[in-house]
Amino acid sequence: MRLSPAPEGPLLRSLPSDLPRSIDGGLALARALGPRTDGPGEGATADLWETLATLASADLGAARVVEPHLDALAILGQIGEPVPDGVWGVFAAEGGDDPLTATRADAVTLSGTKPWCSLAGRLDGALVTAASADGTRGLYAVSLHDPGVEVIPGTWHARGFTELPSGPVRFSNVAATPIGAPGWYLSRPGFEWGGMGVAACWFGGAVGVARAVHAAAVARPNPFLLMHLGAIDRGLQDARRALAEAAVLVDAHAAGSRILAKRVRATVAAVAEDVIARAGHALGPAPLALDAEHAKRVADLTLYLRQHHAERDLESLGSAVAEEAAPW
């Protein structure tokens, strides 16, 4: 899924012609891509995001496996940690009545319950955030094969990402390795860069939905179908340009990554939501009821987009813009 007319990068060229459309395929591809993938800000950000978008256009579930794995490797690379074995995730959501805490004695251990742990039962390790007794929050590397890790079953009832459970995980004195100083995870430049990588997946998922509209318009054009196709193309081009420009700025380590990420995520999320709505209007109920691949893609993308917090994130963007002396 190209963001710019520049030649394809090595990561995008390395993708198999038969893109994975299953969790097993996503796990296998994550293992293959990880060791040779540059993180964002290392000169090949467009190649990375094009690869994620391409995977997401074929299957959002597979992309949802690969994206956090590459994000975990990029985080570790930023601080000079070695590339770990296996497939990794990043569990940084907070909440619940039993928050994850870090205890330091002879070694660091984690105890508590971490919410929103995607595919924890199939991954080898994860980077997780946890609070310390002094109130600071740090990032830790853990093995998900540790006997103190318990994936809590029966909590995932979503109709999107049905094959990718993202329920809570209970940690009981799980050995952990600190990654960076307390607070480093949120303050590092790559935090915003990783968030735009998620937006690249949203963009790819929206392209996948849009392709159904394009196919219908080619097969049986009518004015209303073509109107929706034109509006979808306009939106997708806006999202593509936002990601392409951001990739250049990230590789240049330009100032303002925080507001840039807010703008890019808001733009791509709005476009993706519009694509879903217009595809429904253009195609009617049939593909949602009778086309399993299209119905899954719409359900997956609808759920995935809720990582953008809608009006709350727009308020955050507005606050950032208000701090700019001359934002436009």
# chains A, B, ... in the order shown; residues from 1 in each chain; ligands from 1
>>> residues_around(residues="stretch 90-96 of chain A", least_positions_apart="5", cutoff="7 Å", atoms="only C-alpha atoms", output="count of residues only")
9
>>> select_by_dssp(residues="stretch 73-285 of chain A", states="alpha helix (DSSP H)", output="ChimeraX atom specification")
/A:73-78,184-187,190-219,223-251,257-283
>>> closest_atom_pairs(of="stretch 181-283 of chain A", to="stretch 42-48 of chain A", cutoff="7 Å", atoms="only C-alpha atoms", output="CSV")
residue,atom,partner,partner_atom,distance
A:Ala244,CA,A:Ala46,CA,6.5
A:Ala247,CA,A:Ala46,CA,5.2
A:Asp251,CA,A:Gly43,CA,5.0
>>> write_last_selection(atoms="N, CA, C and O atoms", output="compact mmCIF listing (two decimals), in the first residue's frame")
# COMPACT_ATOMS: atom_id res chain seq x y z
N ALA A 244 2.22 10.04 4.56
CA ALA A 244 3.45 10.22 3.78
C ALA A 244 4.25 11.42 4.30
O ALA A 244 5.48 11.34 4.46
N ALA A 247 5.80 10.56 7.68
CA ALA A 247 6.96 9.67 7.59
C ALA A 247 8.23 10.45 7.32
O ALA A 247 9.30 10.18 7.90
N ASP A 251 11.43 10.76 10.01
CA ASP A 251 12.81 10.41 9.65
C ASP A 251 13.75 11.60 9.80
O ASP A 251 14.95 11.42 10.04
>>> closest_residue(among="A:His69, A:Ser4, A:Ala53, A:Leu29", to="A:Pro16", atoms="only C-alpha atoms")
A:Leu29
>>> closest_atom_pairs(of="stretch 106-207 of chain A", to="stretch 261-267 of chain A", cutoff="9 Å", atoms="only C-alpha atoms", output="CSV")
residue,atom,partner,partner_atom,distance
A:Glu192,CA,A:Ala261,CA,5.6
A:Trp193,CA,A:Ala261,CA,7.0
A:Gly195,CA,A:Ala261,CA,6.8
A:Met196,CA,A:Ala261,CA,5.9
A:Val198,CA,A:Arg265,CA,8.3
A:Ala199,CA,A:Arg265,CA,5.6
A:Ala200,CA,A:Arg265,CA,8.8
>>> closest_atom_pairs(of="stretch 150-179 of chain A", to="stretch 277-297 of chain A", cutoff="9 Å", atoms="only C-alpha atoms", output="CSV")
residue,atom,partner,partner_atom,distance
A:Arg159,CA,A:Lys296,CA,8.3
A:Gly160,CA,A:Lys296,CA,6.7
A:Phe161,CA,A:Lys296,CA,7.9
A:Thr162,CA,A:Lys296,CA,8.9
>>> atom_distance(atom1="atom CA of A:Arg170", atom2="atom CA of A:Gly112")
5.8 Å
>>> atom_distance(atom1="atom CA of A:Trp49", atom2="atom CA of A:Met1")
8.8 Å
>>> atom_distance(atom1="atom CA of A:Ala58", atom2="atom CA of A:Ala215")
15.1 Å
>>> residues_around(residues="A:Glu67", least_positions_apart="6", cutoff="12 Å", atoms="only C-alpha atoms", output="PyMOL selection string")
chain A and resi 26-27+29-31+33-34+37+39-40+48-56+60-61+73-74+87-90+118+194-202
>>> closest_residue(among="A:Ile152, A:Ala212, A:Leu123, A:Leu260", to="A:Phe191", atoms="only C-alpha atoms")
A:Leu260
>>> closest_residue(among="A:Glu150, A:Asp274, A:Asp18, A:Asp134", to="A:Leu301", atoms="only C-alpha atoms")
A:Asp274
>>> select_by_dssp(residues="stretch 12-171 of chain A", states="strand (DSSP E)", output="PyMOL selection string")
chain A and resi 88-91+101-104+108-114+125-131+137-143+149-151+169-171
>>> closest_residue(among="A:Arg220, A:His308, A:Arg241, A:Arg188", to="A:Glu273", atoms="only C-alpha atoms")
A:His308
>>> residues_around(residues="A:Ala62", least_positions_apart="6", cutoff="7 Å", atoms="only C-alpha atoms", output="NGL selection string")
:A and (20-23 or 25-26 or 55)
>>> residues_around(residues="A:Gly235", least_positions_apart="2", cutoff="12 Å", atoms="only C-alpha atoms", output="number ranges by chain")
A: 203, 206-207, 210, 228-233, 237-242, 267-276, 278
>>> write_last_selection(atoms="N, CA, C and O atoms", output="CSV table (one decimal), in the first residue's frame")
chain,number,residue,atom,x,y,z
A,203,PHE,N,-5.5,2.9,8.1
A,203,PHE,CA,-5.5,3.3,6.7
A,203,PHE,C,-5.6,2.1,5.8
A,203,PHE,O,-6.5,2.0,4.9
A,206,ALA,N,-9.1,0.6,5.9
A,206,ALA,CA,-10.0,1.4,5.2
A,206,ALA,C,-9.9,1.1,3.7
A,206,ALA,O,-10.9,1.1,3.0
A,207,VAL,N,-8.7,1.0,3.2
A,207,VAL,CA,-8.5,0.6,1.8
A,207,VAL,C,-9.1,-0.7,1.5
A,207,VAL,O,-9.8,-0.9,0.4
A,210,ALA,N,-12.7,-0.1,1.1
A,210,ALA,CA,-13.0,0.7,-0.1
A,210,ALA,C,-12.9,-0.2,-1.3
A,210,ALA,O,-13.6,0.1,-2.3
A,228,HIS,N,-20.3,7.9,-3.9
A,228,HIS,CA,-19.6,7.4,-2.7
A,228,HIS,C,-18.2,7.0,-3.0
A,228,HIS,O,-17.3,7.3,-2.2
A,229,LEU,N,-17.9,6.4,-4.1
A,229,LEU,CA,-16.6,6.0,-4.5
A,229,LEU,C,-15.7,7.3,-4.6
A,229,LEU,O,-14.5,7.3,-4.2
A,230,GLY,N,-16.2,8.3,-5.2
A,230,GLY,CA,-15.4,9.6,-5.3
A,230,GLY,C,-15.1,10.2,-4.0
A,230,GLY,O,-14.0,10.6,-3.7
A,231,ALA,N,-16.1,10.2,-3.1
A,231,ALA,CA,-15.8,10.7,-1.7
A,231,ALA,C,-14.8,9.8,-0.9
A,231,ALA,O,-14.0,10.3,-0.2
A,232,ILE,N,-14.9,8.5,-1.1
A,232,ILE,CA,-14.0,7.6,-0.5
A,232,ILE,C,-12.6,7.8,-1.0
A,232,ILE,O,-11.6,7.9,-0.2
A,233,ASP,N,-12.4,8.0,-2.3
A,233,ASP,CA,-11.1,8.3,-2.9
A,233,ASP,C,-10.5,9.6,-2.3
A,233,ASP,O,-9.3,9.6,-1.9
A,237,GLN,N,-7.1,9.7,-0.1
A,237,GLN,CA,-5.9,10.4,-0.5
A,237,GLN,C,-5.5,11.4,0.6
A,237,GLN,O,-4.3,11.6,0.8
A,238,ASP,N,-6.4,12.0,1.3
A,238,ASP,CA,-6.1,12.8,2.5
A,238,ASP,C,-5.3,12.0,3.5
A,238,ASP,O,-4.3,12.5,4.1
A,239,ALA,N,-5.8,10.8,3.8
A,239,ALA,CA,-5.1,10.0,4.8
A,239,ALA,C,-3.7,9.6,4.3
A,239,ALA,O,-2.7,9.6,5.1
A,240,ARG,N,-3.6,9.2,3.1
A,240,ARG,CA,-2.3,8.8,2.5
A,240,ARG,C,-1.3,9.9,2.6
A,240,ARG,O,-0.2,9.7,3.0
A,241,ARG,N,-1.7,11.2,2.2
A,241,ARG,CA,-0.8,12.3,2.2
A,241,ARG,C,-0.4,12.6,3.7
A,241,ARG,O,0.8,13.0,3.9
A,242,ALA,N,-1.3,12.5,4.6
A,242,ALA,CA,-1.0,12.8,6.0
A,242,ALA,C,0.1,11.8,6.5
A,242,ALA,O,1.1,12.2,7.2
A,267,THR,N,-6.9,12.5,11.5
A,267,THR,CA,-7.2,12.5,10.1
A,267,THR,C,-7.5,11.1,9.6
A,267,THR,O,-8.6,10.9,8.9
A,268,VAL,N,-6.7,10.2,9.9
A,268,VAL,CA,-6.9,8.8,9.4
A,268,VAL,C,-8.1,8.2,10.0
A,268,VAL,O,-8.9,7.5,9.3
A,269,ALA,N,-8.3,8.4,11.3
A,269,ALA,CA,-9.5,7.8,12.0
A,269,ALA,C,-10.8,8.3,11.3
A,269,ALA,O,-11.7,7.6,11.1
A,270,ALA,N,-10.8,9.6,11.1
A,270,ALA,CA,-12.0,10.2,10.5
A,270,ALA,C,-12.3,9.7,9.1
A,270,ALA,O,-13.4,9.4,8.7
A,271,VAL,N,-11.2,9.5,8.3
A,271,VAL,CA,-11.4,9.0,7.0
A,271,VAL,C,-11.9,7.5,7.0
A,271,VAL,O,-12.8,7.2,6.3
A,272,ALA,N,-11.3,6.7,7.9
A,272,ALA,CA,-11.6,5.3,8.0
A,272,ALA,C,-13.1,5.2,8.4
A,272,ALA,O,-13.8,4.3,7.9
A,273,GLU,N,-13.5,6.0,9.4
A,273,GLU,CA,-14.9,5.9,9.8
A,273,GLU,C,-15.9,6.3,8.7
A,273,GLU,O,-16.9,5.7,8.5
A,274,ASP,N,-15.5,7.3,7.9
A,274,ASP,CA,-16.3,7.7,6.7
A,274,ASP,C,-16.3,6.6,5.7
A,274,ASP,O,-17.4,6.4,5.1
A,275,VAL,N,-15.2,6.0,5.5
A,275,VAL,CA,-15.2,4.9,4.5
A,275,VAL,C,-16.2,3.8,4.9
A,275,VAL,O,-16.9,3.2,4.1
A,276,ILE,N,-16.2,3.4,6.2
A,276,ILE,CA,-17.1,2.4,6.7
A,276,ILE,C,-18.5,2.8,6.4
A,276,ILE,O,-19.4,2.0,5.9
A,278,ARG,N,-19.7,5.1,4.3
A,278,ARG,CA,-20.1,5.2,2.9
A,278,ARG,C,-20.2,3.8,2.2
A,278,ARG,O,-21.0,3.6,1.3
>>> closest_residue(among="A:Thr302, A:Thr109, A:Ser17, A:Ser316", to="A:Val209", atoms="only C-alpha atoms")
A:Thr302
>>> closest_residue(among="A:Leu100, A:Ala176, A:Ala158, A:Gly41", to="A:Ala252", atoms="only C-alpha atoms")
A:Gly41
